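Data from my_file.pdb: PDB, C-alpha atoms
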ATOM      1  CA  MET A   1       2.095  19.190  -0.031
ATOM      2  CA  ALA A   2       1.429  17.501  -3.366
ATOM      3  CA  LYS A   3       4.154  14.945  -3.486
ATOM      4  CA  VAL A   4       4.829  12.133  -5.890
ATOM      5  CA  VAL A   5       6.601   9.278  -4.139
ATOM      6  CA  SER A   6       8.657   6.494  -5.729
ATOM      7  CA  PRO A   7       8.893   3.733  -3.123
ATOM      8  CA  ARG A   8      11.333   1.638  -5.141
ATOM      9  CA  GLU A   9      13.692   4.559  -5.686
ATOM     10  CA  ILE A  10      13.595   5.590  -2.041
ATOM     11  CA  ALA A  11      14.206   2.039  -0.845
ATOM     12  CA  ALA A  12      17.173   1.721  -3.195
ATOM     13  CA  CYS A  13      18.744   4.845  -1.666
ATOM     14  CA  LEU A  14      18.521   3.674   1.954
ATOM     15  CA  THR A  15      21.827   2.835   3.552
ATOM     16  CA  GLU A  16      20.769   0.950   6.693
ATOM     17  CA  HIS A  17      19.051  -2.397   7.055
ATOM     18  CA  TRP A  18      15.866  -2.790   9.111
ATOM     19  CA  SER A  19      15.360   0.952   9.385
ATOM     20  CA  PRO A  20      11.923   1.669   7.871
ATOM     21  CA  ARG A  21      11.225   5.213   6.698
ATOM     22  CA  VAL A  22       7.815   6.778   6.409
ATOM     23  CA  VAL A  23       7.141   7.879   2.826
ATOM     24  CA  ALA A  24       3.414   8.689   2.997
ATOM     25  CA  GLU A  25       0.395   8.667   5.254
ATOM     26  CA  VAL A  26      -3.145   7.621   4.468
ATOM     27  CA  ASP A  27      -5.508   8.517   7.276
ATOM     28  CA  ASP A  28      -4.311   6.555  10.311
ATOM     29  CA  ALA A  29      -1.800   4.448   8.381
ATOM     30  CA  TYR A  30       1.814   5.036   7.440
ATOM     31  CA  ILE A  31       3.352   3.772   4.230
ATOM     32  CA  LYS A  32       6.981   2.894   4.852
ATOM     33  CA  VAL A  33       9.878   1.494   2.864
ATOM     34  CA  ALA A  34      12.848  -0.432   4.166
ATOM     35  CA  LYS A  35      15.939  -2.209   3.002
ATOM     36  CA  VAL A  36      16.376  -5.475   4.878
ATOM     37  CA  GLN A  37      18.822  -8.342   5.125
ATOM     38  CA  GLY A  38      19.153 -11.100   7.685
ATOM     39  CA  GLN A  39      16.391 -11.345  10.262
ATOM     40  CA  LEU A  40      14.579  -8.746  12.321
ATOM     41  CA  ALA A  41      13.143 -10.390  15.463
ATOM     42  CA  TRP A  42      10.310 -12.658  16.483
ATOM     43  CA  HIS A  43       7.535 -10.302  17.565
ATOM     44  CA  GLN A  44       3.874  -9.538  17.264
ATOM     45  CA  HIS A  45       1.617  -6.511  17.026
ATOM     46  CA  GLU A  46      -1.271  -7.151  19.352
ATOM     47  CA  ASN A  47      -3.663  -4.647  17.808
ATOM     48  CA  GLU A  48      -2.446  -3.997  14.275
ATOM     49  CA  ASP A  49      -2.272  -5.860  10.990
ATOM     50  CA  GLU A  50       0.926  -5.360   8.999
ATOM     51  CA  LEU A  51       1.296  -5.511   5.229
ATOM     52  CA  PHE A  52       4.583  -6.434   3.531
ATOM     53  CA  LEU A  53       4.983  -5.783  -0.203
ATOM     54  CA  VAL A  54       8.274  -6.838  -1.777
ATOM     55  CA  LEU A  55       9.712  -4.164  -4.078
ATOM     56  CA  LYS A  56      12.916  -6.019  -4.876
ATOM     57  CA  GLY A  57      14.373  -9.383  -3.943
ATOM     58  CA  ARG A  58      12.755 -12.040  -1.798
ATOM     59  CA  LEU A  59      11.390 -11.992   1.743
ATOM     60  CA  VAL A  60      10.408 -14.863   3.990
ATOM     61  CA  ILE A  61       7.981 -14.185   6.814
ATOM     62  CA  GLU A  62       8.359 -16.907   9.403
ATOM     63  CA  LEU A  63       5.177 -17.544  11.359
ATOM     64  CA  GLU A  64       5.024 -19.157  14.774
ATOM     65  CA  ALA A  65       2.144 -21.319  13.624
ATOM     66  CA  GLY A  66       2.275 -22.530  10.050
ATOM     67  CA  ALA A  67       4.623 -22.643   7.124
ATOM     68  CA  PRO A  68       6.792 -19.618   6.350
ATOM     69  CA  ILE A  69       5.412 -17.211   3.776
ATOM     70  CA  GLU A  70       7.734 -16.757   0.812
ATOM     71  CA  LEU A  71       7.342 -13.511  -1.079
ATOM     72  CA  ALA A  72       8.890 -12.743  -4.443
ATOM     73  CA  GLU A  73       9.152  -9.293  -5.990
ATOM     74  CA  GLY A  74       5.714  -7.750  -6.442
ATOM     75  CA  GLN A  75       4.041 -10.048  -3.919
ATOM     76  CA  MET A  76       2.480  -9.027  -0.636
ATOM     77  CA  PHE A  77       1.169 -10.580   2.559
ATOM     78  CA  VAL A  78      -0.732  -9.268   5.550
ATOM     79  CA  VAL A  79       0.381 -10.522   8.958
ATOM     80  CA  PRO A  80      -2.827 -10.405  11.004
ATOM     81  CA  LYS A  81      -2.790  -8.700  14.376
ATOM     82  CA  GLY A  82      -1.635 -10.968  17.186
ATOM     83  CA  VAL A  83       0.313 -13.300  14.910
ATOM     84  CA  ARG A  84       3.912 -13.848  15.991
ATOM     85  CA  HIS A  85       6.250 -13.453  13.028
ATOM     86  CA  ASN A  86       9.851 -12.905  11.989
ATOM     87  CA  PRO A  87      10.827 -11.346   8.647
ATOM     88  CA  VAL A  88      13.937 -12.874   7.112
ATOM     89  CA  ALA A  89      15.838 -12.015   3.936
ATOM     90  CA  ALA A  90      18.706 -14.262   2.915
ATOM     91  CA  GLU A  91      19.879 -11.531   0.557
ATOM     92  CA  GLU A  92      19.181  -7.818   0.497
ATOM     93  CA  CYS A  93      15.513  -7.106  -0.093
ATOM     94  CA  HIS A  94      13.470  -3.907  -0.453
ATOM     95  CA  VAL A  95      10.005  -3.810   1.052
ATOM     96  CA  MET A  96       7.051  -1.475   1.375
ATOM     97  CA  LEU A  97       5.016  -1.662   4.576
ATOM     98  CA  ILE A  98       1.511  -0.520   5.408
ATOM     99  CA  GLU A  99       0.941  -0.145   9.137
ATOM    100  CA  ARG A 100      -1.271   1.772  11.494
ATOM    101  CA  LYS A 101       0.494   4.772  12.946
ATOM    102  CA  SER A 102       0.417   3.153  16.372
ATOM    103  CA  THR A 103       2.436   0.127  15.206
ATOM    104  CA  LEU A 104       5.752  -0.378  16.980
ATOM    105  CA  HIS A 105       8.675  -1.504  14.822
ATOM    106  CA  THR A 106       9.357  -4.753  16.637
ATOM    107  CA  GLY A 107       6.003  -4.965  18.394
ATOM    108  CA  ASP A 108       6.209  -6.425  21.870
ATOM    109  CA  VAL A 109       9.987  -6.857  21.678
ATOM    110  CA  VAL A 110      12.841  -4.375  21.881
ATOM    111  CA  ASN A 111      16.285  -5.276  20.595
ATOM    112  CA  GLU A 112      19.278  -3.549  19.052
ATOM    113  CA  LYS A 113      17.467  -3.296  15.711
ATOM    114  CA  THR A 114      14.359  -1.597  17.111
ATOM    115  CA  GLN A 115      13.692   1.798  15.509
ATOM    116  CA  SER A 116      11.617   4.464  17.223
ATOM    117  CA  LEU A 117       8.837   6.184  15.326
ATOM    118  CA  ALA A 118      10.914   9.387  15.385
ATOM    119  CA  GLU A 119      13.693   7.533  13.573
ATOM    120  CA  GLN A 120      11.214   6.228  11.014
ATOM    121  CA  LEU A 121       9.850   9.748  10.481
ATOM    122  CA  ARG A 122      13.241  11.368   9.832
ATOM    123  CA  PRO A 123      13.306  13.329   6.565
ATOM    124  CA  LEU A 124      14.693  11.275   3.710
TER     125      LEU A 124
ATOM    126  CA  MET B   1      -6.213 -17.299   5.759
ATOM    127  CA  ALA B   2      -2.529 -17.010   4.891
ATOM    128  CA  LYS B   3      -2.637 -15.602   1.408
ATOM    129  CA  VAL B   4       0.112 -14.290  -0.814
ATOM    130  CA  VAL B   5      -1.241 -11.633  -3.147
ATOM    131  CA  SER B   6       0.284 -10.435  -6.421
ATOM    132  CA  PRO B   7      -1.311  -7.067  -7.159
ATOM    133  CA  ARG B   8       0.268  -6.733 -10.591
ATOM    134  CA  GLU B   9      -0.885 -10.186 -11.672
ATOM    135  CA  ILE B  10      -4.416  -9.619 -10.405
ATOM    136  CA  ALA B  11      -4.674  -6.238 -12.089
ATOM    137  CA  ALA B  12      -3.491  -7.733 -15.364
ATOM    138  CA  CYS B  13      -6.298 -10.314 -15.228
ATOM    139  CA  LEU B  14      -9.117  -7.812 -14.709
ATOM    140  CA  THR B  15     -11.439  -7.411 -17.657
ATOM    141  CA  GLU B  16     -13.333  -4.221 -16.780
ATOM    142  CA  HIS B  17     -12.097  -0.664 -16.487
ATOM    143  CA  TRP B  18     -12.742   1.406 -13.359
ATOM    144  CA  SER B  19     -13.898  -1.595 -11.360
ATOM    145  CA  PRO B  20     -11.593  -1.828  -8.332
ATOM    146  CA  ARG B  21     -11.327  -5.168  -6.556
ATOM    147  CA  VAL B  22     -10.358  -5.659  -2.950
ATOM    148  CA  VAL B  23      -7.239  -7.831  -2.686
ATOM    149  CA  ALA B  24      -6.370  -7.391   0.997
ATOM    150  CA  GLU B  25      -7.358  -5.613   4.170
ATOM    151  CA  VAL B  26      -5.138  -3.981   6.762
ATOM    152  CA  ASP B  27      -7.106  -2.974   9.829
ATOM    153  CA  ASP B  28      -9.652  -0.417   8.636
ATOM    154  CA  ALA B  29      -8.183  -0.061   5.144
ATOM    155  CA  TYR B  30      -8.740  -1.990   1.937
ATOM    156  CA  ILE B  31      -6.019  -2.605  -0.614
ATOM    157  CA  LYS B  32      -7.563  -2.649  -4.079
ATOM    158  CA  VAL B  33      -6.362  -3.048  -7.642
ATOM    159  CA  ALA B  34      -7.978  -1.708 -10.782
ATOM    160  CA  LYS B  35      -7.472  -1.529 -14.505
ATOM    161  CA  VAL B  36      -8.351   1.937 -15.771
ATOM    162  CA  GLN B  37      -8.575   3.825 -19.046
ATOM    163  CA  GLY B  38     -10.185   7.144 -19.868
ATOM    164  CA  GLN B  39     -11.460   9.180 -16.942
ATOM    165  CA  LEU B  40     -13.441   8.246 -13.855
ATOM    166  CA  ALA B  41     -15.300  11.333 -12.549
ATOM    167  CA  TRP B  42     -14.584  14.527 -10.699
ATOM    168  CA  HIS B  43     -15.294  13.700  -7.057
ATOM    169  CA  GLN B  44     -13.998  13.993  -3.543
ATOM    170  CA  HIS B  45     -13.895  11.912  -0.377
ATOM    171  CA  GLU B  46     -14.806  14.221   2.442
ATOM    172  CA  ASN B  47     -13.328  12.127   5.237
ATOM    173  CA  GLU B  48     -10.792   9.818   3.662
ATOM    174  CA  ASP B  49      -7.358  10.097   2.070
ATOM    175  CA  GLU B  50      -6.812   7.943  -1.021
ATOM    176  CA  LEU B  51      -3.522   6.485  -2.212
ATOM    177  CA  PHE B  52      -2.863   5.675  -5.874
ATOM    178  CA  LEU B  53       0.156   3.525  -6.777
ATOM    179  CA  VAL B  54       0.744   2.873 -10.470
ATOM    180  CA  LEU B  55       1.543  -0.781 -11.193
ATOM    181  CA  LYS B  56       1.703  -0.409 -14.965
ATOM    182  CA  GLY B  57       1.354   2.456 -17.407
ATOM    183  CA  ARG B  58       0.752   6.093 -16.533
ATOM    184  CA  LEU B  59      -1.953   7.841 -14.537
ATOM    185  CA  VAL B  60      -2.804  11.519 -14.307
ATOM    186  CA  ILE B  61      -4.704  12.743 -11.271
ATOM    187  CA  GLU B  62      -6.354  16.024 -12.134
ATOM    188  CA  LEU B  63      -6.841  18.275  -9.113
ATOM    189  CA  GLU B  64      -9.375  21.055  -8.880
ATOM    190  CA  ALA B  65      -6.749  23.324  -7.400
ATOM    191  CA  GLY B  66      -3.243  22.947  -8.756
ATOM    192  CA  ALA B  67      -1.400  21.218 -11.530
ATOM    193  CA  PRO B  68      -2.312  17.643 -12.450
ATOM    194  CA  ILE B  69      -0.230  14.941 -10.812
ATOM    195  CA  GLU B  70       1.498  12.691 -13.331
ATOM    196  CA  LEU B  71       2.382   9.232 -12.113
ATOM    197  CA  ALA B  72       4.637   6.786 -13.912
ATOM    198  CA  GLU B  73       4.939   3.092 -13.115
ATOM    199  CA  GLY B  74       6.066   2.574  -9.537
ATOM    200  CA  GLN B  75       5.036   6.053  -8.401
ATOM    201  CA  MET B  76       2.336   6.908  -5.911
ATOM    202  CA  PHE B  77       0.370   9.888  -4.665
ATOM    203  CA  VAL B  78      -2.031  10.479  -1.813
ATOM    204  CA  VAL B  79      -5.099  12.593  -2.572
ATOM    205  CA  PRO B  80      -5.864  14.229   0.773
ATOM    206  CA  LYS B  81      -9.384  14.072   2.142
ATOM    207  CA  GLY B  82     -11.634  16.814   0.814
ATOM    208  CA  VAL B  83      -9.582  17.392  -2.335
ATOM    209  CA  ARG B  84     -11.630  17.230  -5.542
ATOM    210  CA  HIS B  85      -9.878  15.047  -8.099
ATOM    211  CA  ASN B  86     -10.329  13.111 -11.327
ATOM    212  CA  PRO B  87      -8.127  10.158 -12.303
ATOM    213  CA  VAL B  88      -7.381   9.972 -16.022
ATOM    214  CA  ALA B  89      -5.437   7.436 -18.052
ATOM    215  CA  ALA B  90      -4.832   8.149 -21.729
ATOM    216  CA  GLU B  91      -3.929   4.498 -22.208
ATOM    217  CA  GLU B  92      -4.699   1.439 -20.128
ATOM    218  CA  CYS B  93      -3.142   1.668 -16.701
ATOM    219  CA  HIS B  94      -3.051  -0.684 -13.693
ATOM    220  CA  VAL B  95      -3.252   0.834 -10.232
ATOM    221  CA  MET B  96      -3.203  -0.214  -6.603
ATOM    222  CA  LEU B  97      -5.324   1.804  -4.163
ATOM    223  CA  ILE B  98      -5.200   2.147  -0.402
ATOM    224  CA  GLU B  99      -8.442   3.440   1.042
ATOM    225  CA  ARG B 100     -10.359   3.348   4.272
ATOM    226  CA  LYS B 101     -13.134   0.771   4.189
ATOM    227  CA  SER B 102     -15.706   3.564   4.355
ATOM    228  CA  THR B 103     -14.462   5.165   1.099
ATOM    229  CA  LEU B 104     -17.044   5.346  -1.682
ATOM    230  CA  HIS B 105     -15.758   4.615  -5.200
ATOM    231  CA  THR B 106     -16.679   7.971  -6.692
ATOM    232  CA  GLY B 107     -17.042   9.822  -3.410
ATOM    233  CA  ASP B 108     -19.804  12.408  -3.418
ATOM    234  CA  VAL B 109     -20.799  11.611  -7.010
ATOM    235  CA  VAL B 110     -22.685   8.700  -8.547
ATOM    236  CA  ASN B 111     -22.422   7.971 -12.246
ATOM    237  CA  GLU B 112     -22.567   4.984 -14.582
ATOM    238  CA  LYS B 113     -19.027   3.996 -13.573
ATOM    239  CA  THR B 114     -19.719   3.958  -9.823
ATOM    240  CA  GLN B 115     -19.050   0.574  -8.227
ATOM    241  CA  SER B 116     -20.642  -0.488  -4.960
ATOM    242  CA  LEU B 117     -18.508  -1.929  -2.204
ATOM    243  CA  ALA B 118     -20.191  -5.298  -2.790
ATOM    244  CA  GLU B 119     -18.986  -5.201  -6.394
ATOM    245  CA  GLN B 120     -15.470  -4.361  -5.231
ATOM    246  CA  LEU B 121     -15.545  -7.237  -2.745
ATOM    247  CA  ARG B 122     -16.589  -9.904  -5.276
ATOM    248  CA  PRO B 123     -14.245 -12.905  -5.268
ATOM    249  CA  LEU B 124     -11.590 -12.633  -7.930
TER     250      LEU B 124
END
Target encoding structure tokens, full file:
Amino acid sequence: MAKVVSPREIAACLTEHWSPRVVAEVDDAYIKVAKVQGQLAWHQHENEDELFLVLKGRLVIELEAGAPIELAEGQMFVVPKGVRHNPVAAEECHVMLIERKSTLHTGDVVNEKTQSLAEQLRPL
Amino acid sequence: MAKVVSPREIAACLTEHWSPRVVAEVDDAYIKVAKVQGQLAWHQHENEDELFLVLKGRLVIELEAGAPIELAEGQMFVVPKGVRHNPVAAEECHVMLIERKSTLHTGDVVNEKTQSLAEQLRPL
């Protein structure tokens, strides 16, 4: 069970965009990594905060109300529960996410990019 | 409320060892950063997992049962609830922690290094 995890290395090995993979769990939260490019979808998580930490590249988190949040490598931002947002990466970007286990990938929206929890839990 | 956080930059600015500071919250978890050197204390958190992510340097997490976990920069490890452990850094090391809000700094032990939650929540 004792497992050392290297989020940056795992993210670099992913082959699909917008397909987060669970790399660790801390109580009722999952730690995930993803490789992203383009935009995901406007959505919100009614009951869960969501943390984005940029491992490589740059990520913009568009917010329905307010200026977009621009994150450089090493920076993080918490989207509060109930806040409509859309993650966008002009170029390929690697991110780490911290989310409650109940969090749905694209929140209240389902589109062709939506990943089930089972897909996110697949062995790496 | 919209706040971009740079864990590595905050950790680098800390002046005390073993004095974690809360930099973000995600639902019922705090994200903390700390600058550490030497050893903290053998302790355990009966009801909470604890994630260590090394931002700079190297950290060893000694475990009562099993080989010590050696973490290089960018690597992380989750100490499961109930597992007695002791974080040790031969040289100065910067870490990010993910812990439930209820987690006590040195768990079931109090020593001269123990920091209250109020101390960890002080403005940076």
Which one is closest to chain A: B:Lys81, B:Lys113, B:Lys56, B:His94? Count all atoms listed in the file. B:Lys81
With a cut-off of 9 Å, could you pull out the residues of chain A touching chain B and give me the nearest pair of atoms for each, distance in Å to one decimal, using only C-alpha atoms, ordered by chain and ascending number, as a tab-separated table?
residue	atom	partner	partner_atom	distance
A:Ala2	CA	B:Phe77	CA	7.8
A:Lys3	CA	B:Phe77	CA	6.4
A:Val4	CA	B:Phe77	CA	5.1
A:Val5	CA	B:Met76	CA	5.2
A:Ser6	CA	B:Gln75	CA	4.5
A:Pro7	CA	B:Gln75	CA	6.9
A:Arg8	CA	B:Gly74	CA	6.9
A:Glu9	CA	B:Gly74	CA	8.8
A:Ala24	CA	B:Val78	CA	7.5
A:Glu25	CA	B:Val78	CA	7.7
A:Val26	CA	B:Asp49	CA	5.4
A:Asp27	CA	B:Asp49	CA	5.7
A:Asp28	CA	B:Asp28	CA	8.9
A:Ala29	CA	B:Ala29	CA	8.5
A:Asn47	CA	B:Asp27	CA	8.8
A:Glu48	CA	B:Asp27	CA	6.5
A:Asp49	CA	B:Val26	CA	5.4
A:Glu50	CA	B:Val26	CA	6.6
A:Leu51	CA	B:Val26	CA	6.8
A:Gly66	CA	B:Ala2	CA	9.0
A:Ile69	CA	B:Val4	CA	7.6
A:Glu70	CA	B:Val4	CA	8.2
A:Leu71	CA	B:Val4	CA	7.3
A:Glu73	CA	B:Ser6	CA	9.0
A:Gly74	CA	B:Ser6	CA	6.1
A:Gln75	CA	B:Ser6	CA	4.5
A:Met76	CA	B:Val5	CA	5.2
A:Phe77	CA	B:Val4	CA	5.1
A:Val78	CA	B:Val26	CA	7.0
A:Val79	CA	B:Ala2	CA	8.2
A:Pro80	CA	B:Val26	CA	8.0
A:Lys81	CA	B:Asp27	CA	8.5
A:Ile98	CA	B:Val26	CA	7.6
A:Glu99	CA	B:Val26	CA	7.6
A:Arg100	CA	B:Asp27	CA	7.7
With C-alpha atoms kept, could you save the residues just selected as an mmCIF file, in the frame of the given file?
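Full text of result-v1.cif as output:
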data_model
loop_
_atom_site.group_PDB
_atom_site.id
_atom_site.type_symbol
_atom_site.label_atom_id
_atom_site.label_comp_id
_atom_site.auth_asym_id
_atom_site.auth_seq_id
_atom_site.Cartn_x
_atom_site.Cartn_y
_atom_site.Cartn_z
ATOM 1 C CA ALA A 2 1.429 17.501 -3.366
ATOM 2 C CA LYS A 3 4.154 14.945 -3.486
ATOM 3 C CA VAL A 4 4.829 12.133 -5.890
ATOM 4 C CA VAL A 5 6.601 9.278 -4.139
ATOM 5 C CA SER A 6 8.657 6.494 -5.729
ATOM 6 C CA PRO A 7 8.893 3.733 -3.123
ATOM 7 C CA ARG A 8 11.333 1.638 -5.141
ATOM 8 C CA GLU A 9 13.692 4.559 -5.686
ATOM 9 C CA ALA A 24 3.414 8.689 2.997
ATOM 10 C CA GLU A 25 0.395 8.667 5.254
ATOM 11 C CA VAL A 26 -3.145 7.621 4.468
ATOM 12 C CA ASP A 27 -5.508 8.517 7.276
ATOM 13 C CA ASP A 28 -4.311 6.555 10.311
ATOM 14 C CA ALA A 29 -1.800 4.448 8.381
ATOM 15 C CA ASN A 47 -3.663 -4.647 17.808
ATOM 16 C CA GLU A 48 -2.446 -3.997 14.275
ATOM 17 C CA ASP A 49 -2.272 -5.860 10.990
ATOM 18 C CA GLU A 50 0.926 -5.360 8.999
ATOM 19 C CA LEU A 51 1.296 -5.511 5.229
ATOM 20 C CA GLY A 66 2.275 -22.530 10.050
ATOM 21 C CA ILE A 69 5.412 -17.211 3.776
ATOM 22 C CA GLU A 70 7.734 -16.757 0.812
ATOM 23 C CA LEU A 71 7.342 -13.511 -1.079
ATOM 24 C CA GLU A 73 9.152 -9.293 -5.990
ATOM 25 C CA GLY A 74 5.714 -7.750 -6.442
ATOM 26 C CA GLN A 75 4.041 -10.048 -3.919
ATOM 27 C CA MET A 76 2.480 -9.027 -0.636
ATOM 28 C CA PHE A 77 1.169 -10.580 2.559
ATOM 29 C CA VAL A 78 -0.732 -9.268 5.550
ATOM 30 C CA VAL A 79 0.381 -10.522 8.958
ATOM 31 C CA PRO A 80 -2.827 -10.405 11.004
ATOM 32 C CA LYS A 81 -2.790 -8.700 14.376
ATOM 33 C CA ILE A 98 1.511 -0.520 5.408
ATOM 34 C CA GLU A 99 0.941 -0.145 9.137
ATOM 35 C CA ARG A 100 -1.271 1.772 11.494
#
Selection in question (the file shown): the PyMOL selection byres ((chain B and resi 64) around 6). Which residues does it include, as a PyMOL selection string? chain B and resi 63+65+84
Among the residues B:Leu59, B:Val95, B:Val110, B:Val88, the one that comes closest to Lys35 in chain B [using all atoms listed in the file]: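 Of B:Leu59, B:Val95, B:Val110, B:Val88, the one nearest Lys35 in chain B is B:Val95, counting all atoms listed in the file.
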In Å, with one decimal, what is the gap from CA of Ala12 in chain B to CA of Val36 in chain B?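 Interatomic distance here is 10.8 Å.
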Write out as a PyMOL selection string which residues come within 7 Å of Leu40 in chain A when counting all atoms listed in the file, dropping same-chain ones fewer than 5 positions away. chain A and resi 18+86-88
Counting all atoms listed in the file, the residue of A:His43, A:Arg21, A:His85, A:Lys32 that sits nearest Leu121 in chain A: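 Going through A:His43, A:Arg21, A:His85, A:Lys32 one by one, the smallest distance to Leu121 in chain A is for A:Arg21.
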The PyMOL selection byres ((chain A and resi 82) around 6) - which residues does that actually catch in the file I just gave you? List them as a count of residues only. 5
So, with all atoms listed in the file as the atoms that count, which of B:Leu97, B:Asp108, B:Gln37, B:Trp42 lies closest to Gln120 in chain B?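 Of the candidates, the smallest distance to Gln120 in chain B is held by B:Leu97.
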